[in-house]
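Engineer: Could you have a look at this structure, given as structure tokens, before my questions?
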Amino acid sequence: MSILENIVDFFNSILWGKNILVVLLISSGIFFTIKTNFVQIRFLKHMILLLSDKSNNDSENLSPFQAFCISTATRVGAGNLAGVVSAISIGGAGSIFWMWVVAFLGSATAFVETTLAMIFREKDKSGHFYGGPCFFLKNGLGKKSWGIAFVVTGIICWAGVLQVVSNSVTESFNVAFSISPIVISILLTLLAAIVIFGKTDKTAKVLDKVVPIMAILYLAIVFFIILKNITLLPQVFSQIFSEAFGVRQGVGGTIGAIIMQGVKRGLFSNEAGTGSAPCAAASANVSHPVQQGLIQSLGVFVDTFVICTATALVMLLTKSSVIEGLSGMELLQKSFNYHLGSTFGEIFVAIILFLFCFSTLLGICFYGKVNVKFLTDKDFGQTLFKIFALSMIFFGGIQQNIFMWNLADLGLALMTIINMSGVLPLSKFAFDSLKDYQKRFKVVEA
């Protein structure tokens, strides 16, 4: 093992192994939930209505729905499937309950960080909005160096994620169709290049079509599986709640293991507090910062309460003897095979994983575009990042690189800490903005 790998493993063992990030994000989520008087519950109906708001759309910036789709694309990705599989494999059914708890608290964090990104964003000469942690660290705290640090750690994280996600697609197609990983890797890279290169970045237009399609397709199949097993549903939810509190021991063995698996995978899946989603959200044209904050809060709900729960139910409705001893994506594959038949199950998982992963790749490319803009206005900066991103997609697809995944974990941990170092001291601006929004727009609470 190289010196660099040892260094990465050492810091990961502290930041993740000692649960520093878990404590930071959970405590912050509780604080934001209380300070906003449970904004994620009070405004839930209003959040849904905001998705269809077209009153402020223009040709230069994203619509609220497009920004929602970009951030949802990265949330609802391979991690959304693999994260749930990992949580159940290690922590049992009870870990799903704790993923719900994390999503509930994380939706308040997502509201605050996105509202701040809207308040402190900038507009370039062409009329495009750009924002995110790097911008509110500079414009809100006067810490440009922290903004640069966020960009660097973000690129480290996204480089690893691009490789891991690409590899997930090539492996699934190899299993389902016996197609060589290099063929799928080339295809993925070419498709991504077509979208992100050219006179105009087509990411938003592609994702506002792909995300709804993939979500509807996935949920339709899951709904079919649930209907087939409707009589077992009460038993499944009883299992989730009983194991969540240690009434029955989960796979993890102790209630502490069950809780920690749910918390960790929940944070990994919904991204609240990492600073990623605000990079896309801040590009939306809305009449008030709080509007986009509420929409991103809804994104956390969709990610965990809808998609993650759907994935969990498929596995928990599978006979235990079929998946006994399995873990990882093999567990998910066998679960779908059990419900849909081996041939259709493998094909479905491969196709849905392709859609989930491809949307994630595009979303990350958009995040990178925003952060590179913070470093330089020159076009060559954008071109270099696009080439870099495409190379990560290609090389990740042809071979698995565990070190890059570990590096992604480290990058995610560091960018989260840097992001929250700005979100917490600036949060008063978000709270005041929420009060102003309620006063000006007289929103009817749910």
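Scheme for the structure tokens: letters A, B, ... for chains in order shown; per-chain residue numbers from 1; ligand numbers from 1 in order shown.
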Which polymer residues have any atom within 12 Å of an atom of Gly132 of chain A, counting only C-alpha atoms, with same-chain residues fewer than 2 positions away left out, as an mmCIF file with C-alpha atoms, in the first residue's frame?
Structural biologist:
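Resulting contents of selection.cif:
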data_model
loop_
_atom_site.group_PDB
_atom_site.id
_atom_site.type_symbol
_atom_site.label_atom_id
_atom_site.label_comp_id
_atom_site.auth_asym_id
_atom_site.auth_seq_id
_atom_site.Cartn_x
_atom_site.Cartn_y
_atom_site.Cartn_z
ATOM 1 C CA ALA A 110 -30.945 21.099 2.768
ATOM 2 C CA VAL A 112 -30.811 26.156 5.018
ATOM 3 C CA GLU A 113 -27.754 25.453 2.832
ATOM 4 C CA THR A 114 -29.717 26.008 -0.393
ATOM 5 C CA THR A 115 -31.311 29.241 0.816
ATOM 6 C CA LEU A 116 -27.836 30.528 1.700
ATOM 7 C CA ALA A 117 -26.578 29.554 -1.755
ATOM 8 C CA MET A 118 -29.409 31.616 -3.268
ATOM 9 C CA ILE A 119 -28.756 34.639 -1.023
ATOM 10 C CA PHE A 120 -25.018 34.835 -1.706
ATOM 11 C CA ARG A 121 -24.889 33.721 -5.353
ATOM 12 C CA GLU A 122 -23.445 35.783 -8.210
ATOM 13 C CA PHE A 129 -26.538 32.671 -11.835
ATOM 14 C CA TYR A 130 -23.795 30.744 -10.014
ATOM 15 C CA CYS A 134 -17.707 28.347 -2.339
ATOM 16 C CA PHE A 135 -19.725 31.500 -3.062
ATOM 17 C CA PHE A 136 -21.363 31.897 0.358
ATOM 18 C CA LEU A 137 -18.051 31.174 2.061
ATOM 19 C CA LYS A 138 -16.550 34.058 0.074
ATOM 20 C CA ASN A 139 -19.486 36.486 0.004
ATOM 21 C CA GLY A 140 -20.996 35.616 3.376
ATOM 22 C CA GLY A 147 -14.268 28.555 -0.998
ATOM 23 C CA ILE A 148 -11.242 27.370 -2.965
ATOM 24 C CA PHE A 150 -14.372 23.456 -1.019
ATOM 25 C CA VAL A 151 -13.830 23.371 -4.785
ATOM 26 C CA GLY A 154 -15.372 18.632 -4.183
ATOM 27 C CA GLY A 273 -25.091 19.053 4.370
ATOM 28 C CA THR A 274 -22.437 18.082 1.828
ATOM 29 C CA GLY A 275 -22.908 21.276 -0.210
ATOM 30 C CA SER A 276 -23.397 19.478 -3.528
ATOM 31 C CA ALA A 277 -27.063 20.160 -4.271
ATOM 32 C CA PRO A 278 -26.865 23.948 -3.653
ATOM 33 C CA CYS A 279 -24.391 24.172 -6.552
ATOM 34 C CA ALA A 280 -27.246 23.333 -8.940
ATOM 35 C CA ALA A 281 -30.052 24.943 -6.965
ATOM 36 C CA ALA A 282 -28.398 28.363 -6.980
ATOM 37 C CA SER A 283 -28.630 28.467 -10.782
ATOM 38 C CA ALA A 284 -32.439 28.550 -10.663
ATOM 39 C CA TYR A 367 -21.617 20.670 -10.084
ATOM 40 C CA GLY A 368 -18.066 20.785 -11.398
ATOM 41 C CA LYS A 369 -18.993 23.470 -13.935
ATOM 42 C CA VAL A 370 -20.292 25.752 -11.162
ATOM 43 C CA ASN A 371 -17.263 25.245 -8.933
ATOM 44 C CA VAL A 372 -14.723 25.717 -11.720
ATOM 45 C CA LYS A 373 -16.524 28.999 -12.492
ATOM 46 C CA PHE A 374 -15.604 30.108 -8.960
ATOM 47 C CA MET A 415 -16.233 19.171 1.644
ATOM 48 C CA ILE A 418 -16.014 23.009 4.950
ATOM 49 C CA ASN A 419 -19.628 23.475 3.828
ATOM 50 C CA MET A 420 -21.021 23.252 7.365
ATOM 51 C CA GLY A 422 -20.150 28.244 6.496
ATOM 52 C CA VAL A 423 -23.740 27.035 6.871
#
Engineer: Just the residues within 8 Å of Asn270 of chain A, please, counting only C-alpha atoms, with nothing from its chain fewer than 5 positions along; format it as a list in words.
Structural biologist: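 In the requested form, the answer reads Arg75, Ala103, Gly106, Val300, Asp303 and Thr304 of chain A.
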Engineer: Taking C-alpha atoms for each residue, export the selection above as a CSV table (one decimal), in the first residue's frame.
Structural biologist:
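Resulting contents of selection_11.csv:
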chain,number,residue,atom,x,y,z
A,75,ARG,CA,-29.1,11.9,-5.0
A,103,ALA,CA,-33.9,12.3,5.9
A,106,GLY,CA,-31.5,16.4,6.6
A,300,VAL,CA,-34.4,14.9,0.3
A,303,ASP,CA,-34.7,10.5,-2.3
A,304,THR,CA,-35.2,8.7,1.0
Engineer: Residues at most 12 Å from segment 40-47 of chain A, counting only C-alpha atoms, excluding those fewer than 2 positions away in the same chain, as a CSV table (one decimal) with C-alpha atoms, in the first residue's frame?
Structural biologist:
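Result file is selection03.csv:
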chain,number,residue,atom,x,y,z
A,29,GLY,CA,-30.3,18.8,11.4
A,30,ILE,CA,-31.9,18.9,14.8
A,32,PHE,CA,-32.1,23.6,11.9
A,33,THR,CA,-35.4,21.7,12.3
A,34,ILE,CA,-36.1,23.5,15.6
A,35,LYS,CA,-35.0,27.0,14.4
A,36,THR,CA,-37.2,26.7,11.3
A,37,ASN,CA,-40.1,25.4,13.4
A,38,PHE,CA,-40.2,22.2,11.4
A,49,LEU,CA,-46.6,23.4,-5.7
A,50,LEU,CA,-43.4,25.3,-6.2
A,51,LEU,CA,-42.1,22.7,-8.7
A,52,SER,CA,-44.5,23.8,-11.3
A,53,ASP,CA,-43.8,27.5,-10.8
A,64,PRO,CA,-36.9,25.5,-10.3
A,65,PHE,CA,-37.9,22.1,-11.7
A,68,PHE,CA,-34.6,20.1,-8.7
A,103,ALA,CA,-33.9,12.3,5.9
A,104,PHE,CA,-36.4,14.2,8.1
A,105,LEU,CA,-33.6,16.1,9.8
A,106,GLY,CA,-31.5,16.4,6.6
A,107,SER,CA,-34.4,18.1,4.8
A,108,ALA,CA,-34.1,21.1,7.2
A,109,THR,CA,-30.3,21.2,6.5
A,110,ALA,CA,-30.9,21.1,2.8
A,111,PHE,CA,-33.3,24.0,3.1
A,112,VAL,CA,-30.8,26.2,5.0
A,290,VAL,CA,-36.6,30.5,0.2
A,291,GLN,CA,-38.5,29.0,-2.8
A,292,GLN,CA,-35.5,27.0,-4.0
A,293,GLY,CA,-34.6,26.1,-0.4
A,294,LEU,CA,-38.0,24.5,0.0
A,295,ILE,CA,-37.7,22.7,-3.3
A,296,GLN,CA,-34.3,21.2,-2.3
A,297,SER,CA,-35.8,20.2,1.0
A,298,LEU,CA,-38.4,18.2,-0.9
A,299,GLY,CA,-35.6,16.5,-2.9
A,300,VAL,CA,-34.4,14.9,0.3
A,301,PHE,CA,-37.9,13.5,1.0
A,302,VAL,CA,-38.2,12.1,-2.6
A,434,LEU,CA,-37.9,32.3,5.8
A,437,TYR,CA,-41.0,34.8,2.8
A,438,GLN,CA,-43.9,33.9,5.1
A,441,PHE,CA,-46.2,35.7,0.3
A,442,LYS,CA,-48.6,34.7,3.1
A,443,VAL,CA,-48.0,31.0,2.4
A,444,VAL,CA,-50.6,28.6,3.7
A,445,GLU,CA,-48.9,25.9,5.8
A,446,ALA,CA,-49.8,22.2,5.4
Engineer: Tell me which of A:Ile323, A:Leu190, A:Leu353, A:Phe241 sits closest to Ala93 of chain A, counting only C-alpha atoms.
Structural biologist: A:Phe241
Engineer: Can you pull out every residue within 12 Å of segment 174-180 of chain A, counting only C-alpha atoms, but drop anything in the same chain fewer than 6 positions away, and send it as a PyMOL selection string?
Structural biologist: chain A and resi 167-168+186-187+329-330+333+337+342-351+353-354+397-399
Engineer: Given the choices A:Ile48, A:Ala87, A:Val165, A:Leu232, which gets closest to Leu317 of chain A if the distance is worked out from only C-alpha atoms?
Structural biologist: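 Checking each of A:Ile48, A:Ala87, A:Val165, A:Leu232 against Leu317 of chain A, counting only C-alpha atoms, the winner is A:Leu232.
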Engineer: I'd like the neighbourhood of Val8 of chain A as a short mmCIF file (atom, residue, chain, number, x, y, z; two decimals) with N, CA and C atoms, in the first residue's frame, where a residue qualifies if any of its atoms comes within 12 Å (using only C-alpha atoms), though same-chain residues fewer than 5 positions away should be ignored.
Structural biologist:
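Output file result03.cif is given in full below:
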data_model
loop_
_atom_site.label_atom_id
_atom_site.label_comp_id
_atom_site.auth_asym_id
_atom_site.auth_seq_id
_atom_site.Cartn_x
_atom_site.Cartn_y
_atom_site.Cartn_z
N MET A 1 0.84 -1.20 0.00
CA MET A 1 0.00 0.00 0.00
C MET A 1 0.88 1.25 0.00
N SER A 2 0.57 2.21 -0.85
CA SER A 2 1.40 3.41 -0.97
C SER A 2 1.19 4.35 0.21
N ILE A 3 2.10 5.33 0.31
CA ILE A 3 2.00 6.32 1.39
C ILE A 3 0.71 7.11 1.27
N SER A 13 -10.49 6.93 8.63
CA SER A 13 -10.75 6.22 9.89
C SER A 13 -11.15 7.17 11.01
N ILE A 14 -10.67 8.41 10.92
CA ILE A 14 -11.04 9.42 11.92
C ILE A 14 -12.39 10.05 11.60
N LEU A 15 -12.51 10.55 10.37
CA LEU A 15 -13.71 11.30 9.99
C LEU A 15 -14.95 10.42 9.91
N TRP A 16 -14.79 9.21 9.34
CA TRP A 16 -15.92 8.29 9.22
C TRP A 16 -15.95 7.27 10.36
N ILE A 156 -12.09 16.32 -5.81
CA ILE A 156 -11.52 15.04 -5.35
C ILE A 156 -12.65 14.02 -5.16
N ILE A 402 -10.49 0.69 -5.95
CA ILE A 402 -10.92 0.86 -4.56
C ILE A 402 -10.34 2.15 -3.96
N PHE A 403 -9.11 2.48 -4.35
CA PHE A 403 -8.50 3.68 -3.81
C PHE A 403 -9.30 4.93 -4.16
N MET A 404 -9.83 4.98 -5.40
CA MET A 404 -10.61 6.15 -5.80
C MET A 404 -11.89 6.28 -4.97
N TRP A 405 -12.47 5.13 -4.59
CA TRP A 405 -13.65 5.17 -3.73
C TRP A 405 -13.28 5.71 -2.35
N ASN A 406 -12.15 5.28 -1.82
CA ASN A 406 -11.68 5.78 -0.52
C ASN A 406 -11.38 7.27 -0.60
N LEU A 407 -10.80 7.68 -1.74
CA LEU A 407 -10.50 9.10 -1.94
C LEU A 407 -11.80 9.91 -2.03
N ALA A 408 -12.82 9.33 -2.66
CA ALA A 408 -14.12 10.00 -2.74
C ALA A 408 -14.72 10.18 -1.34
N ASP A 409 -14.57 9.16 -0.49
CA ASP A 409 -15.05 9.26 0.89
C ASP A 409 -14.37 10.40 1.63
N LEU A 410 -13.05 10.51 1.44
CA LEU A 410 -12.30 11.57 2.09
C LEU A 410 -12.73 12.94 1.56
N GLY A 411 -12.86 13.06 0.23
CA GLY A 411 -13.28 14.31 -0.36
C GLY A 411 -14.66 14.72 0.14
N ALA A 413 -16.10 13.87 2.98
CA ALA A 413 -16.00 14.26 4.39
C ALA A 413 -15.47 15.68 4.52
N LEU A 414 -14.41 16.00 3.79
CA LEU A 414 -13.79 17.31 3.90
C LEU A 414 -14.69 18.42 3.35
#
Engineer: My list of candidates is A:Leu424, A:Ser433, A:Trp100, A:Thr376. Which is closest to Leu141 of chain A when distances are computed with only C-alpha atoms?
Structural biologist: A:Leu424
Engineer: State, in Å with one decimal place, the distance from atom CA of Gly363 of chain A to atom CA of Ala149 of chain A.
Structural biologist: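 Atom CA of Ala149 of chain A lies at a distance of 20.7 Å from atom CA of Gly363 of chain A.
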Engineer: Kindly give the distance, in Å, that separates atom CA of Asp124 of chain A and atom CA of Gln382 of chain A, rounded to a single decimal.
Structural biologist: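 Answer for the atom CA of Asp124 of chain A to atom CA of Gln382 of chain A separation: 14.6 Å.
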Engineer: From a DSSP pass on the backbone, collect the residues of segment 114-280 of chain A flagged as helix (DSSP H, G or I) and hand them back as a ChimeraX atom specification.
Structural biologist: /A:114-119,133-139,144-177,181-196,203-228,230-244,255-270,277-280
Engineer: Ile393 of chain A: which residues within 12 Å, counting only C-alpha atoms, same-chain residues fewer than 4 positions away excluded, as a ChimeraX atom specification?
Structural biologist: /A:158-170,181-182,184-193,357-358,360-362,364-365,386-389,397-400
Engineer: Only N, CA and C atoms, please: the residues just picked out, written as a compact mmCIF listing (two decimals), in the first residue's frame.
Structural biologist:
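Dumped to part_4.txt:
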# COMPACT_ATOMS: atom_id res chain seq x y z
N TRP A 158 -15.83 14.10 -6.36
CA TRP A 158 -16.57 13.80 -7.59
C TRP A 158 -15.75 12.94 -8.56
N ALA A 159 -14.42 13.09 -8.53
CA ALA A 159 -13.56 12.25 -9.38
C ALA A 159 -13.74 10.78 -9.00
N GLY A 160 -13.76 10.52 -7.69
CA GLY A 160 -13.97 9.15 -7.23
C GLY A 160 -15.36 8.64 -7.54
N VAL A 161 -16.37 9.48 -7.31
CA VAL A 161 -17.76 9.07 -7.54
C VAL A 161 -18.00 8.77 -9.02
N LEU A 162 -17.43 9.60 -9.91
CA LEU A 162 -17.59 9.37 -11.35
C LEU A 162 -17.06 7.99 -11.74
N GLN A 163 -15.92 7.60 -11.16
CA GLN A 163 -15.34 6.30 -11.48
C GLN A 163 -16.18 5.15 -10.93
N VAL A 164 -16.62 5.29 -9.67
CA VAL A 164 -17.39 4.23 -9.03
C VAL A 164 -18.73 4.02 -9.73
N VAL A 165 -19.41 5.13 -10.06
CA VAL A 165 -20.71 5.05 -10.71
C VAL A 165 -20.58 4.42 -12.10
N SER A 166 -19.57 4.86 -12.85
CA SER A 166 -19.34 4.29 -14.17
C SER A 166 -19.08 2.79 -14.10
N ASN A 167 -18.31 2.38 -13.10
CA ASN A 167 -18.00 0.96 -12.93
C ASN A 167 -19.24 0.14 -12.60
N SER A 168 -20.17 0.72 -11.84
CA SER A 168 -21.42 0.04 -11.49
C SER A 168 -22.22 -0.29 -12.75
N VAL A 169 -22.23 0.65 -13.70
CA VAL A 169 -22.98 0.45 -14.95
C VAL A 169 -22.33 -0.65 -15.79
N THR A 170 -21.02 -0.57 -15.99
CA THR A 170 -20.35 -1.55 -16.85
C THR A 170 -20.45 -2.96 -16.27
N PRO A 181 -16.97 -4.52 -20.57
CA PRO A 181 -16.96 -3.23 -19.85
C PRO A 181 -16.41 -2.07 -20.69
N ILE A 182 -15.41 -2.36 -21.54
CA ILE A 182 -14.82 -1.27 -22.32
C ILE A 182 -15.82 -0.71 -23.34
N ILE A 184 -19.21 -0.54 -22.95
CA ILE A 184 -20.15 0.30 -22.21
C ILE A 184 -19.46 1.56 -21.71
N SER A 185 -18.20 1.43 -21.33
CA SER A 185 -17.43 2.58 -20.86
C SER A 185 -17.31 3.63 -21.96
N ILE A 186 -17.01 3.18 -23.17
CA ILE A 186 -16.91 4.11 -24.32
C ILE A 186 -18.26 4.75 -24.60
N LEU A 187 -19.33 3.95 -24.55
CA LEU A 187 -20.68 4.46 -24.80
C LEU A 187 -21.06 5.53 -23.77
N LEU A 188 -20.81 5.24 -22.50
CA LEU A 188 -21.11 6.21 -21.43
C LEU A 188 -20.36 7.52 -21.64
N THR A 189 -19.09 7.40 -21.96
CA THR A 189 -18.24 8.58 -22.15
C THR A 189 -18.73 9.41 -23.34
N LEU A 190 -19.09 8.75 -24.42
CA LEU A 190 -19.58 9.46 -25.61
C LEU A 190 -20.91 10.15 -25.33
N LEU A 191 -21.82 9.46 -24.65
CA LEU A 191 -23.12 10.06 -24.33
C LEU A 191 -22.96 11.29 -23.43
N ALA A 192 -22.08 11.16 -22.44
CA ALA A 192 -21.83 12.29 -21.54
C ALA A 192 -21.20 13.46 -22.30
N ALA A 193 -20.28 13.15 -23.22
CA ALA A 193 -19.61 14.20 -24.01
C ALA A 193 -20.61 14.95 -24.88
N CYS A 357 -27.35 5.96 -12.90
CA CYS A 357 -25.93 6.33 -12.91
C CYS A 357 -25.63 7.41 -13.94
N PHE A 358 -26.23 7.30 -15.13
CA PHE A 358 -25.98 8.31 -16.15
C PHE A 358 -26.46 9.68 -15.69
N THR A 360 -26.61 10.64 -12.63
CA THR A 360 -25.65 11.05 -11.60
C THR A 360 -24.40 11.65 -12.23
N LEU A 361 -23.90 11.01 -13.27
CA LEU A 361 -22.70 11.50 -13.97
C LEU A 361 -22.92 12.91 -14.50
N LEU A 362 -24.09 13.14 -15.11
CA LEU A 362 -24.39 14.47 -15.66
C LEU A 362 -24.54 15.50 -14.55
N ILE A 364 -23.10 15.52 -11.62
CA ILE A 364 -21.77 15.84 -11.09
C ILE A 364 -21.02 16.76 -12.04
N CYS A 365 -21.17 16.53 -13.33
CA CYS A 365 -20.52 17.42 -14.31
C CYS A 365 -21.04 18.85 -14.16
N LYS A 386 -14.26 19.32 -18.04
CA LYS A 386 -15.07 18.37 -18.82
C LYS A 386 -14.22 17.19 -19.32
N ILE A 387 -13.02 17.49 -19.78
CA ILE A 387 -12.10 16.42 -20.22
C ILE A 387 -11.74 15.52 -19.04
N PHE A 388 -11.46 16.15 -17.91
CA PHE A 388 -11.13 15.41 -16.68
C PHE A 388 -12.29 14.50 -16.28
N ALA A 389 -13.52 15.03 -16.29
CA ALA A 389 -14.70 14.26 -15.90
C ALA A 389 -14.91 13.07 -16.84
N GLY A 397 -15.00 2.98 -15.74
CA GLY A 397 -15.81 1.93 -16.35
C GLY A 397 -15.04 0.68 -16.70
N ILE A 398 -13.77 0.81 -17.03
CA ILE A 398 -13.01 -0.36 -17.49
C ILE A 398 -12.35 -1.13 -16.35
N GLN A 399 -12.23 -0.51 -15.18
CA GLN A 399 -11.67 -1.26 -14.06
C GLN A 399 -12.08 -0.63 -12.73
N GLN A 400 -12.24 -1.47 -11.73
CA GLN A 400 -12.62 -1.01 -10.40
C GLN A 400 -11.39 -0.52 -9.65
Engineer: Find the residue from A:Pro133, A:Leu81, A:Ile213, A:Gly381 that sits nearest to Ser145 of chain A; use only C-alpha atoms when measuring.
Structural biologist: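 Answer, going by the shortest atom-to-atom distance: A:Pro133.
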Engineer: Take atom CA of Thr153 of chain A and atom CA of Lys378 of chain A and report the distance between them in Å, one decimal.
Structural biologist: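 Separation between atom CA of Thr153 of chain A and atom CA of Lys378 of chain A: 20.9 Å.
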Engineer: Pick the closest to Gln235 of chain A from A:Leu316, A:Val39, A:Val322, A:Val22: which is it, counting only C-alpha atoms?
Structural biologist: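 When distances to Gln235 of chain A are compared using only C-alpha atoms, the smallest one comes from A:Leu316.
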Engineer: Can you tell me, as number ranges by chain, which residues in segment 56-179 of chain A count as strand (DSSP E or B) by DSSP?
Structural biologist: A: 62, 122-123, 129-130
Engineer: Produce a file of the selected residues containing N, CA and C atoms, as an mmCIF file, in the first residue's frame.
Structural biologist:
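The new file out_0.cif reads:
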data_model
loop_
_atom_site.group_PDB
_atom_site.id
_atom_site.type_symbol
_atom_site.label_atom_id
_atom_site.label_comp_id
_atom_site.auth_asym_id
_atom_site.auth_seq_id
_atom_site.Cartn_x
_atom_site.Cartn_y
_atom_site.Cartn_z
ATOM 1 N N LEU A 62 -31.739 28.146 -15.014
ATOM 2 C CA LEU A 62 -32.563 26.968 -14.842
ATOM 3 C C LEU A 62 -33.931 27.331 -14.285
ATOM 4 N N GLU A 122 -23.895 34.710 -7.327
ATOM 5 C CA GLU A 122 -23.445 35.783 -8.210
ATOM 6 C C GLU A 122 -24.024 35.589 -9.613
ATOM 7 N N LYS A 123 -24.008 36.663 -10.396
ATOM 8 C CA LYS A 123 -24.464 36.587 -11.785
ATOM 9 C C LYS A 123 -23.320 37.028 -12.685
ATOM 10 N N PHE A 129 -26.768 32.700 -13.282
ATOM 11 C CA PHE A 129 -26.538 32.671 -11.835
ATOM 12 C C PHE A 129 -25.604 31.527 -11.481
ATOM 13 N N TYR A 130 -24.689 31.771 -10.538
ATOM 14 C CA TYR A 130 -23.795 30.744 -10.014
ATOM 15 C C TYR A 130 -23.751 30.864 -8.500
#
Engineer: Under the rule that only C-alpha atoms are counted, which of A:Gly396, A:Leu219, A:Ile352, A:Ser28 is the nearest residue to Pro425 of chain A?
Structural biologist: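 Among the listed residues, the smallest separation from Pro425 of chain A belongs to A:Ser28.
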